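S.K.: Take this structure, written in structure tokens, and hold onto it; I'll ask about it next.
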Amino acid sequence: MKLMYAKTHEWVAIDGNKAKIGISDHAQHELGDLVFINLPAEGDSIVAGESFCDVESVKAVSDLYAPVSGRIVAVNTELESAPELINSDAMGAWICEVELESEGDDLMDEAAYAEFIK
Amino acid sequence: MYDLIVIGGGPGGYTGAIRAAKSGMKVALIEKDKVGGTCLNRGCIPTKALLKSAELFESRAEWQGLGVNAENVTFDETKAYENKQNIVTTLNTGVLSLVKANKIDFYEGHGCIEGEHTVSVNGETLETKFILLATGSVPAGYNPKRPVEGIETAYNSDNVLGEPIDADDIIIIGAGVIAIEFAYYYSSIGKKVTVLAPKDRILTMAGKDTASQLGVILKKKGVKIITGASPKRVDKTSVTYETNGKEETVTGGAVIAAVGRNAVTEGIGLDKVGVAYDKFVKVDENMYTGVAGIYACGDLTGKIMLAHFAAASAITAVESMLGKEHSMNLSVCPSCIYTLPEIAMVGAKETDDATYKTTKFLMGGNGKALIEGCARGFIKLVTDAEDTVVGAELFCVHATDMVGEIALAIAKKMKVHEVAEVIHPHPTVMEAMGEALEEVHGMATHAMPRR
């Protein structure tokens with residue numbers, strides 16, 4: 001499994017041709033308490049760099065951008081009624097899983113991302 | 001000899017009759033039940049009156065925090081229905097006195113077209129120059145293509161609003177506006193509610209973000225929402241439905257079917273004069289049926305089944321009869337859903353055109369919304385490439401009162417800055433509308449800078 005981050009603060013865990021996507025702990029901290037996530041739908045195609053989902057915190061609505069391209073094969077619907085799971089465990093609270101077509105440009109590994117958010 | 005006979009005394013019919021009378025026409029109004037129609041007697045007004053009781057009861061959880069102490073707060077549904085009935089009766093009487101004051105002849109009975117210029121009622125035959133058909137609609141049984149065995153054993157919105165249901169566990173078939181308002185009402189007064197949604201989500205006419213947020217709010221109130229449920233059989237207190245190819249049965253204390261409404265086209269003599277209709281009476285943009293002197297309005301025409309559209313379309317019909325220029329703009333019609341937060345929609349959807357821009361402003365920073373105890377929700381504006389306001393979806397407290405401003409902007413094809421330049425009063429929920437407009441260009445004061 002390979003864990004990568006996008007400059008827009010999404011993480012992607014790539015395992016063979018499957019990839020799970022979430023947002024980084026840094027991102028959830030910046031967003032504040034999440035009250036809603038507008039989840040994508042199973043079967044949707046997402047394109048690296050384009051918005052695929054939005055989250056609403058007490059402060060703002062923010063678009064999330066796809067770190068990879070592919071077709072969504074699973075959605076973590078638990079987040080719909082409990083978006084706060086992203087705040088409590090950003091790395092565990094995956095949003096969706098895709099059948100990977102291609103990775104986005106400029107993805108960073110953990111060390112590079114840690115440097116990026118410094 | 002009348003200038004106009006109106007068949008049906010709902011919001012379309014009585015508005016048309018009064019407008020005609022005020023324009024100098026000699027008018028008769030025929031109603032077989034009570035003036036005010038579905039809206040006043042079995043729809044808008046009674047449901048909102050009951051929701052008022054339910055919302056007040058539900059807010060008891062916040063009272064202590066507001067400094068209000070009360071013990072053993074209980075809900076007396078019979079009393080809530082009495083209050084509802086008092087409001088309905090007051091309005092019934094009000095409409096009747098308006099009818100009388102406008103010197104409209106009121107006939108209580110069943111009106112039926114006998115010829116292009118004749119209408120029968122209570123065995124009498126009346127002559128008229130024009131006829132306005134305003135017979136409205138009734139709760140639908142079910143789509144004949146997908147029959148549901150025993151659906152007639154379920155309650156519908158008519159009988160539910162008559163008197164309280166004696167059941168603690170209520171199954172609602174449908175997930176449209178009527179179904180969701182009932183789900184909201186019953187869950188607020190402490191009943192167990194199951195919603196059988198035929199599609200993959202509730203309120204398919206609203207945006208997915210609005211519908212799923214309200215879905216979460218309902219679930220937190222204990223409402224069970226079963227999506228993709230296609231009902232097959234109803235047996236008074238249970239529903240057997242198909243989901244993902246297999247049959248399941250849910251049993252409760254009562255079943256309410258809220259599966260849409262059918263126009264009343266039967267028994268009003270349409271065939272006698274050749275008025276064209278299928279499920280609805282066909283009309284042109286003047287609300288004219290194409291048969292000499294005969295016009296139709298409201299639910300009967302199936303255009304938009306809402307009371308305010310019925311009234312506006314009746315005015316259009318009367319103006320057409322008089323050869324006057326139309327004073328109503330029927331192309332922009334807001335629609336409202338009375339939950340908490342409320343939902344109000346008008347104009348284009350964000351998905352209607354790829355060039356549309358959507359802006360969402362959150363209510364979290366609005367002081368008045370916070371004071372009202374409902375900081376959840378947002379105002380979503382849809383604008384086109386020329387920065388013209390083309391649509392809005394409001395999901396917040398007072399949404400239904402606020403949507404009018406955007407309806408005006410859309411109807412007058414106003415640019416964002418033309419609406420935003422108007423000072424909105426503070427503190428109001430309405431000032432969030434000013435901020436939402438500013439946020440189209442990222443300038444709202446109470447929104448975080450975009451990342």
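By order of appearance in the structure tokens: chains A, B, ..., then residues from 1 within every chain, and ligands from 1 in the order shown.
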Any idea which chain B residues end up within 6 Å of chain A if we count only C-alpha atoms, as number ranges by chain please?

M.R.: B: 209, 216, 364

S.K.: Output C-alpha atoms for every residue in the selection just made, as a short mmCIF file (atom, residue, chain, number, x, y, z; two decimals), in the first residue's frame.

M.R.:
data_model
loop_
_atom_site.label_atom_id
_atom_site.label_comp_id
_atom_site.auth_asym_id
_atom_site.auth_seq_id
_atom_site.Cartn_x
_atom_site.Cartn_y
_atom_site.Cartn_z
CA ASP B 209 -26.94 18.27 -0.36
CA VAL B 216 -29.66 13.08 8.55
CA GLY B 364 -23.45 29.39 11.00
#

S.K.: Quick one: residues within 7 Å of B:Ala314, only C-alpha atoms counted, chain neighbours fewer than 2 positions away excluded, as a ChimeraX atom specification?

M.R.: /B:12-13,15-16,297,310-312,316-318

S.K.: Name the residues in contact with A:Gly16 at a cut-off of 12 Å, using only C-alpha atoms, excluding same-chain residues fewer than 4 positions from it; report them as a list in words.

M.R.: Met1, Lys2, Leu3, Lys20, Val98, Glu99, Leu100, Glu101 and Ser102 of chain A

S.K.: Using DSSP assignments from the backbone, pull out every residue in stretch 37-283 of chain B that falls under alpha helix (DSSP H) and give it to me as JSON, numbers by chain.

M.R.: {"B": [37, 44, 45, 46, 47, 48, 49, 50, 51, 52, 53, 54, 55, 56, 57, 58, 60, 61, 62, 63, 77, 78, 79, 80, 81, 82, 83, 84, 85, 86, 87, 88, 89, 90, 91, 92, 93, 94, 95, 96, 97, 98, 99, 100, 101, 157, 158, 159, 160, 177, 178, 179, 180, 181, 182, 183, 184, 185, 186, 187, 188, 208, 209, 210, 211, 212, 213, 214, 215, 216, 217, 218, 219, 220, 270, 271, 272, 273]}

S.K.: So that I can check the surroundings of stretch 336-349 of chain B, please list as a list in words every protein, DNA and RNA residue that reaches within 6 Å of it, counting only C-alpha atoms and ignoring chain neighbours fewer than 4 positions away.

M.R.: Val390, Gly391, Ala392, Glu393, Leu394, Phe395, Cys396, Val397, Ala399 and Thr400 of chain B

S.K.: Include N, CA and C atoms and write out the residues we just selected as a compact mmCIF listing (two decimals), in the first residue's frame.

M.R.:
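Result file again.txt:
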# COMPACT_ATOMS: atom_id res chain seq x y z
N VAL B 390 -30.15 33.32 -11.39
CA VAL B 390 -31.09 32.46 -12.12
C VAL B 390 -31.78 31.43 -11.23
N GLY B 391 -31.25 31.20 -10.03
CA GLY B 391 -31.90 30.20 -9.17
C GLY B 391 -31.40 30.27 -7.75
N ALA B 392 -32.15 29.65 -6.84
CA ALA B 392 -31.71 29.61 -5.45
C ALA B 392 -32.35 28.43 -4.74
N GLU B 393 -31.61 27.91 -3.78
CA GLU B 393 -32.16 26.90 -2.88
C GLU B 393 -31.76 27.34 -1.48
N LEU B 394 -32.76 27.54 -0.64
CA LEU B 394 -32.51 27.99 0.72
C LEU B 394 -32.82 26.85 1.67
N PHE B 395 -31.91 26.58 2.58
CA PHE B 395 -32.12 25.53 3.57
C PHE B 395 -31.76 26.14 4.91
N CYS B 396 -32.73 26.83 5.51
CA CYS B 396 -32.44 27.55 6.75
C CYS B 396 -33.76 27.95 7.42
N VAL B 397 -33.65 28.44 8.63
CA VAL B 397 -34.83 28.94 9.32
C VAL B 397 -35.34 30.16 8.53
N ALA B 399 -36.55 30.23 5.60
CA ALA B 399 -36.28 30.11 4.16
C ALA B 399 -37.51 30.47 3.33
N THR B 400 -38.68 30.01 3.79
CA THR B 400 -39.89 30.20 2.98
C THR B 400 -40.30 31.67 2.91
